[in-house]
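Undergrad: One structure, as structure tokens, below. Some questions next.
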Amino acid sequence: MVLPPEVQERLDEELDRMREDRVIERIWDKDPDVWTRGEESGWLGWLDIAKREIEDLSKYEGFSETAGEFDGIVLLGMGGSSLCPDVLSKVFGVDRFHVLDSTVPDQVAHLTSSVEPSTTLFIVASKSGTTLEPNIFLDHFFELVSKEKGGTAGENFVAITDPGSKLQARAEEEGFRKVLFGDPEIGGRFSALSVFGIAPASAMGLDIKALLNSAVEMTDECELDEPATNSGAVLGAALGTCWLERRDKLEILASKSVESMGAWLEQLIAESTGKEGKAIIPVDLRGKVPGNTGRKDRVTVYLRDSENPDQGHESYIEELKAAREPVITIKFNDKADIGAEFFRWEFATAVAGHLMFINPFNQPDVESAKVEARKLTDSYEETGELPADKAFFEGDGMSFHSSSENRVAIGEPGSAGGIINAHFERIAPGDYAAILAYIEMNDANSEVLERIREKIISRYGVSTSVQFGPRFLHSTGQAFKGGPGTGVFLQISGADENKVDVPGKSYTFSVVKDAQARGDFQVLLDRERRALRVEFEGDVTKGLKQIESMIE
């Protein structure tokens, strides 16, 4: 860890205060006074979950062998229920494991066409059992499996949920192969080392004992009462101190082998810290060096593969250090280290929440977006269409939407390109930009979005996030809405080539996606955010390339 002298001095002071206040000991005693004296004590089951899991491995006996009998595995979930398994499958290269965490119908259709439902094991992960997306994913695939297997379709499904949930009831009614229970005192984003992460890891055939042993070693280290020798506490205090010093952007750069961990960290940090007008804004750089130094509003974390470091990354990190910017390097010596890092970052996030005086375990603004989306889908079921949403400008195959206040601030440029540039001209020093793309997450779209991000960084020199919807609603969406009003947002959506019916509903996945995008956007406007929504009439990738060419 390399910090500017003034930040290091304040960090040392914070660590001394934490020792005097017995903060580490009180965290392990589950004392809510460490944070806001609220409901925090009821959400700390993750503290000893690795130790409990390793003592109860018998519940996974035979699960890997059973999963191996299927041609492929698909996890159906959102946010904390899906991101950890997604990270593990990519770090360990498990190609037969897939994750569906998007209602974008083209993505649903693409995954559906790439698997044979009757020979695929579907793991449905939902803590509450009432989350919209996993339920309609389940409806979609259960119908497909039932067409081929009839009354035995349940043999292709496993549920991971909290005891007593509606998902448990459905799983038992429809004869699911297995139901695994989570701990009600562990929130989704802190669930990586619980059954929500370990059961999929077992299904992939990973060495779950090695993962958990790694996590247990880090758990023991994070129990040390002396903050300065407790690596989780030092990391969390450093993040919190940087935030106190107005370095509230956390840019995540990772070696290729662990690059997928950036999305998991985004969710953990954004949902935990983004509330009450405060936030550490995490930005997953997806392995791409942004190429600018000298900014005083960020800290960079470098997830470094010790065996295969990227020379471009190494050079950039040295440039940051030379520019006296804060850099935190986390070394991965072995793939199993990821178990330790899941816990280290969870503990660090709790410590950062202490310094920020927030409850790191709730997510009030995630719920607000769900409410708005539900209003729209309910309206569709009643009337057969979504409420009208008139554009304030149409041109170049695009339509633009925003609040009257944002329209006044943008002015009347008279062209699609003029509107986009006028919108981004609202970026000020200390701000960040975010592109919220409700489109299929594929290589073609990702490449163009990355080039758009590079243009924004080059021109305005601000941290810039690229997010795919609706998956980010269960992740960075909390910080975008509940954090400070320093974000400038461009939401992107488009016509869907596929609609994809939702069994038992009058609406399609296309309608759900549109409702989620519009609900998300409405909450941004309700929070008086600088937000612009653009919809493409035709091909989405072509529309993205148009935006790329329009940004001056």
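FYI, nothing fancy with the structure tokens labels: chains A, B, ... in order, residues from 1 per chain, ligands from 1 as they appear.
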Report as JSON lines: every residue of range 88-147 of chain A with an atom at most 10 Å from range 325-346 of chain A, its closest pair of atoms, and their distance in Å to one decimal, counting only C-alpha atoms, with rows sorted by chain and ascending residue number.
TA:
```
{"residue": "A:Leu88", "atom": "CA", "partner": "A:Ile338", "partner_atom": "CA", "distance": 8.5}
{"residue": "A:Val91", "atom": "CA", "partner": "A:Lys335", "partner_atom": "CA", "distance": 7.3}
{"residue": "A:Phe92", "atom": "CA", "partner": "A:Lys335", "partner_atom": "CA", "distance": 7.5}
```
Undergrad: Using only N, CA and C atoms, please write the residues we just selected to a file, as a PDB file, in the first residue's frame.
TA:
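File produced: again31.pdb:
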```pdb
ATOM      1  N   LEU A  88     -15.994 -17.111  -9.839  1.00  0.00           N
ATOM      2  CA  LEU A  88     -15.326 -18.402  -9.689  1.00  0.00           C
ATOM      3  C   LEU A  88     -15.236 -19.154 -11.013  1.00  0.00           C
ATOM      4  N   VAL A  91     -12.471 -17.351 -13.072  1.00  0.00           N
ATOM      5  CA  VAL A  91     -11.123 -17.501 -12.525  1.00  0.00           C
ATOM      6  C   VAL A  91     -10.606 -18.923 -12.734  1.00  0.00           C
ATOM      7  N   PHE A  92     -11.496 -19.911 -12.542  1.00  0.00           N
ATOM      8  CA  PHE A  92     -11.085 -21.306 -12.663  1.00  0.00           C
ATOM      9  C   PHE A  92     -11.375 -21.904 -14.043  1.00  0.00           C
TER      10      PHE A  92
END
```
Undergrad: Which residues, written as a PyMOL selection string, have at least one atom at most 7 Å from range 361-378 of chain A, with only C-alpha atoms counted and residues fewer than 5 positions away on the same chain left out?
TA: chain A and resi 40+43+187+271-272+386+473-474+477-478+481-482+512+515-516+519-520+523
Undergrad: Measure the distance from CA of Asp220 in chain A to CA of Ser194 in chain A in Å and round it to one decimal.
TA: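 One can read the CA of Asp220 in chain A to CA of Ser194 in chain A distance as 16.9 Å.
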Undergrad: Find the distance between CA of Ala444 in chain A and CA of Gly494 in chain A and write it in Å to one decimal.
TA: 15.1 Å
Undergrad: Could you list, with a cut-off of 10 Å and counting only C-alpha atoms, the residues of range 350-392 of chain A near range 229-239 of chain A, each shown with its nearest atom pair and the distance in Å rounded to one decimal, rows sorted by chain and ascending number, as a Markdown table?
TA:
```
| residue | atom | partner | partner_atom | distance |
| --- | --- | --- | --- | --- |
| A:Ala350 | CA | A:Gly236 | CA | 7.2 |
| A:Val351 | CA | A:Gly236 | CA | 4.9 |
| A:Ala352 | CA | A:Gly236 | CA | 4.7 |
| A:Gly353 | CA | A:Gly236 | CA | 8.2 |
| A:His354 | CA | A:Ala237 | CA | 8.7 |
| A:Leu355 | CA | A:Ala237 | CA | 7.1 |
| A:Met356 | CA | A:Leu239 | CA | 9.8 |
```
Undergrad: Save out the residues we just selected, all heavy atoms, as a short mmCIF file (atom, residue, chain, number, x, y, z; two decimals), in the first residue's frame.
TA:
```
data_model
loop_
_atom_site.label_atom_id
_atom_site.label_comp_id
_atom_site.auth_asym_id
_atom_site.auth_seq_id
_atom_site.Cartn_x
_atom_site.Cartn_y
_atom_site.Cartn_z
N ALA A 350 -16.94 -3.48 5.86
CA ALA A 350 -17.57 -3.19 7.15
C ALA A 350 -16.80 -2.13 7.92
O ALA A 350 -17.38 -1.23 8.53
CB ALA A 350 -17.69 -4.47 7.97
N VAL A 351 -15.47 -2.20 7.87
CA VAL A 351 -14.64 -1.21 8.56
C VAL A 351 -14.78 0.16 7.90
O VAL A 351 -14.88 1.19 8.58
CB VAL A 351 -13.16 -1.67 8.57
CG1 VAL A 351 -12.25 -0.55 9.08
CG2 VAL A 351 -13.00 -2.91 9.45
N ALA A 352 -14.78 0.19 6.57
CA ALA A 352 -14.96 1.47 5.87
C ALA A 352 -16.30 2.09 6.25
O ALA A 352 -16.40 3.31 6.44
CB ALA A 352 -14.88 1.25 4.36
N GLY A 353 -17.33 1.26 6.37
CA GLY A 353 -18.65 1.76 6.80
C GLY A 353 -18.60 2.40 8.16
O GLY A 353 -19.31 3.38 8.43
N HIS A 354 -17.75 1.86 9.04
CA HIS A 354 -17.57 2.46 10.37
C HIS A 354 -17.01 3.87 10.26
O HIS A 354 -17.51 4.81 10.90
CB HIS A 354 -16.63 1.57 11.19
CG HIS A 354 -16.04 2.24 12.39
ND1 HIS A 354 -16.79 2.55 13.51
CD2 HIS A 354 -14.77 2.70 12.63
CE1 HIS A 354 -16.00 3.16 14.40
NE2 HIS A 354 -14.78 3.26 13.89
N LEU A 355 -15.98 4.04 9.43
CA LEU A 355 -15.39 5.38 9.28
C LEU A 355 -16.35 6.35 8.61
O LEU A 355 -16.30 7.56 8.86
CB LEU A 355 -14.09 5.30 8.48
CG LEU A 355 -12.81 5.09 9.30
CD1 LEU A 355 -12.77 3.68 9.89
CD2 LEU A 355 -11.57 5.33 8.44
N MET A 356 -17.23 5.83 7.77
CA MET A 356 -18.18 6.69 7.05
C MET A 356 -19.46 6.93 7.85
O MET A 356 -20.30 7.72 7.44
CB MET A 356 -18.51 6.06 5.70
CG MET A 356 -17.32 5.93 4.76
SD MET A 356 -17.68 4.96 3.27
CE MET A 356 -18.78 6.10 2.40
#
```
Undergrad: Can you tell me which residues surround Phe97 in chain A at a distance of at most 7 Å, considering only C-alpha atoms, apart from same-chain residues fewer than 6 positions away, and format the answer as a list in words?
TA: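 Close residues of Phe97 in chain A: Gly72, Ile73, Val74, Ser89 and Met204 of chain A.
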Undergrad: Could you write out that same residue set with N, CA, C and O atoms as a short mmCIF file (atom, residue, chain, number, x, y, z; two decimals), in the first residue's frame?
TA:
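Listing of part-v9.cif after writing:
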```cif
data_model
loop_
_atom_site.label_atom_id
_atom_site.label_comp_id
_atom_site.auth_asym_id
_atom_site.auth_seq_id
_atom_site.Cartn_x
_atom_site.Cartn_y
_atom_site.Cartn_z
N GLY A 72 -24.39 -29.24 -18.86
CA GLY A 72 -24.01 -27.89 -18.45
C GLY A 72 -24.75 -27.48 -17.20
O GLY A 72 -25.68 -28.16 -16.75
N ILE A 73 -24.33 -26.35 -16.63
CA ILE A 73 -24.94 -25.80 -15.42
C ILE A 73 -25.27 -24.34 -15.68
O ILE A 73 -24.42 -23.60 -16.21
N VAL A 74 -26.47 -23.92 -15.32
CA VAL A 74 -26.86 -22.52 -15.45
C VAL A 74 -27.33 -22.01 -14.11
O VAL A 74 -28.22 -22.59 -13.49
N SER A 89 -16.32 -19.13 -11.79
CA SER A 89 -16.31 -19.86 -13.06
C SER A 89 -15.27 -19.29 -14.01
O SER A 89 -14.63 -20.03 -14.78
N MET A 204 -19.40 -26.87 -9.81
CA MET A 204 -18.35 -26.71 -10.83
C MET A 204 -17.23 -27.73 -10.68
O MET A 204 -16.38 -27.85 -11.55
#
```
Undergrad: Write out as a tab-separated table (two decimals) with N, CA and C atoms, in the first residue's frame the residues lying within 10 Å of His313 in chain A, counting only C-alpha atoms and excluding same-chain residues fewer than 3 positions away.
TA:
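What landed in part.tsv:
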```tsv
chain	number	residue	atom	x	y	z
A	253	LEU	N	-8.16	-2.16	-10.94
A	253	LEU	CA	-7.38	-2.69	-12.05
A	253	LEU	C	-6.93	-4.10	-11.67
A	254	ALA	N	-7.10	-5.05	-12.57
A	254	ALA	CA	-6.81	-6.44	-12.22
A	254	ALA	C	-6.07	-7.16	-13.33
A	255	SER	N	-5.21	-8.09	-12.93
A	255	SER	CA	-4.60	-8.99	-13.89
A	255	SER	C	-5.68	-9.82	-14.57
A	287	GLY	N	-9.59	-4.42	-16.63
A	287	GLY	CA	-8.25	-4.71	-17.12
A	287	GLY	C	-7.66	-3.67	-18.05
A	288	LYS	N	-8.35	-2.55	-18.25
A	288	LYS	CA	-7.87	-1.51	-19.17
A	288	LYS	C	-7.33	-0.32	-18.37
A	289	VAL	N	-6.12	0.06	-18.66
A	289	VAL	CA	-5.48	1.20	-18.01
A	289	VAL	C	-6.13	2.48	-18.53
A	302	TYR	N	-5.03	-2.54	-7.13
A	302	TYR	CA	-4.44	-3.37	-8.17
A	302	TYR	C	-4.47	-4.83	-7.70
A	304	ARG	N	-3.23	-8.14	-8.35
A	304	ARG	CA	-2.04	-8.55	-9.11
A	304	ARG	C	-1.81	-10.05	-9.05
A	309	PRO	N	2.10	-11.09	-13.96
A	309	PRO	CA	1.78	-9.66	-13.94
A	309	PRO	C	1.81	-9.07	-15.34
A	310	ASP	N	0.91	-8.16	-15.60
A	310	ASP	CA	0.85	-7.50	-16.90
A	310	ASP	C	1.78	-6.28	-16.87
A	316	TYR	N	1.75	1.40	-15.29
A	316	TYR	CA	0.74	2.39	-14.90
A	316	TYR	C	0.73	2.58	-13.38
A	317	ILE	N	0.84	1.49	-12.65
A	317	ILE	CA	0.86	1.59	-11.19
A	317	ILE	C	2.08	2.40	-10.73
A	318	GLU	N	3.20	2.22	-11.37
A	318	GLU	CA	4.39	3.00	-11.02
A	318	GLU	C	4.18	4.48	-11.32
A	319	GLU	N	3.46	4.77	-12.41
A	319	GLU	CA	3.15	6.17	-12.74
A	319	GLU	C	2.27	6.78	-11.65
```
Undergrad: Pick out the residues sitting within 10 Å of Asn406 in chain A, and hand them over as a VMD selection string; count only C-alpha atoms, and ignore anything fewer than 5 positions along from it in its own chain.
TA: chain A and resid 401 411 423 525 528 to 532
Undergrad: Export, as a compact mmCIF listing (two decimals), in the first residue's frame, the selected residues with C-alpha atoms.
TA:
```txt
# COMPACT_ATOMS: atom_id res chain seq x y z
CA HIS A 401 -35.72 11.48 -22.63
CA GLY A 411 -30.27 23.43 -23.91
CA HIS A 423 -24.97 16.46 -21.54
CA LEU A 525 -34.56 11.83 -11.85
CA GLU A 528 -32.23 15.09 -9.16
CA ARG A 529 -29.38 13.37 -10.96
CA ARG A 530 -27.89 14.65 -14.22
CA ALA A 531 -29.31 11.86 -16.34
CA LEU A 532 -30.14 11.41 -20.02
```
Undergrad: Between A:Ile358, A:Ile269, A:Glu185, A:Lys51, which is the closest to Ala215 in chain A once you count only C-alpha atoms?
TA: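 The closest residue to Ala215 in chain A is A:Lys51.
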Undergrad: Extract, using only C-alpha atoms, all DNA, RNA and protein residues at most 8 Å from Gln267 in chain A, discarding same-chain residues fewer than 5 positions from it, and format them as a list of chain:residue names.
TA: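 What passes the distance filter is A:Gly79, A:Gly80, A:Arg189, A:Ser272, A:Phe472, A:His474, A:Ser475, A:Thr476.
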Undergrad: Keeping only N, CA, C and O atoms, write those residues as a CSV table (one decimal), in the first residue's frame.
TA:
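Listing of out09.csv after writing:
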```csv
chain,number,residue,atom,x,y,z
A,79,GLY,N,-27.3,-10.1,-8.7
A,79,GLY,CA,-26.5,-9.5,-7.6
A,79,GLY,C,-25.6,-10.4,-6.8
A,79,GLY,O,-24.9,-11.2,-7.4
A,80,GLY,N,-25.8,-10.4,-5.5
A,80,GLY,CA,-25.0,-11.2,-4.7
A,80,GLY,C,-25.2,-12.7,-4.9
A,80,GLY,O,-24.3,-13.5,-4.5
A,189,ARG,N,-24.8,-9.6,-0.8
A,189,ARG,CA,-23.4,-9.2,-1.2
A,189,ARG,C,-22.3,-9.7,-0.3
A,189,ARG,O,-21.2,-9.6,-0.6
A,272,SER,N,-22.8,-1.3,-0.3
A,272,SER,CA,-22.6,-1.1,1.1
A,272,SER,C,-22.3,0.3,1.5
A,272,SER,O,-22.8,0.7,2.6
A,472,PHE,N,-26.8,-4.2,-12.9
A,472,PHE,CA,-26.2,-3.2,-12.0
A,472,PHE,C,-27.2,-2.7,-11.0
A,472,PHE,O,-26.8,-2.0,-10.0
A,474,HIS,N,-28.8,-4.3,-8.9
A,474,HIS,CA,-28.5,-5.0,-7.6
A,474,HIS,C,-27.0,-4.8,-7.2
A,474,HIS,O,-26.5,-5.5,-6.4
A,475,SER,N,-26.4,-3.7,-7.7
A,475,SER,CA,-25.0,-3.5,-7.5
A,475,SER,C,-24.7,-2.0,-7.4
A,475,SER,O,-25.1,-1.4,-6.4
A,476,THR,N,-24.1,-1.4,-8.4
A,476,THR,CA,-23.7,0.0,-8.3
A,476,THR,C,-24.9,0.9,-8.3
A,476,THR,O,-24.8,2.1,-8.0
```
Undergrad: Please determine, counting only C-alpha atoms, which residue among A:Thr219, A:Ser379, A:Thr152, A:Thr349 has the shortest atom-to-atom distance to Ser118 in chain A.
TA: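 So, comparing all the options, the nearest one is A:Thr152.
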Undergrad: How many Å lie between CA of Ile198 in chain A and CA of Gln467 in chain A, rounded to one decimal?
TA: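 Between these atoms lies a distance of 26.1 Å.
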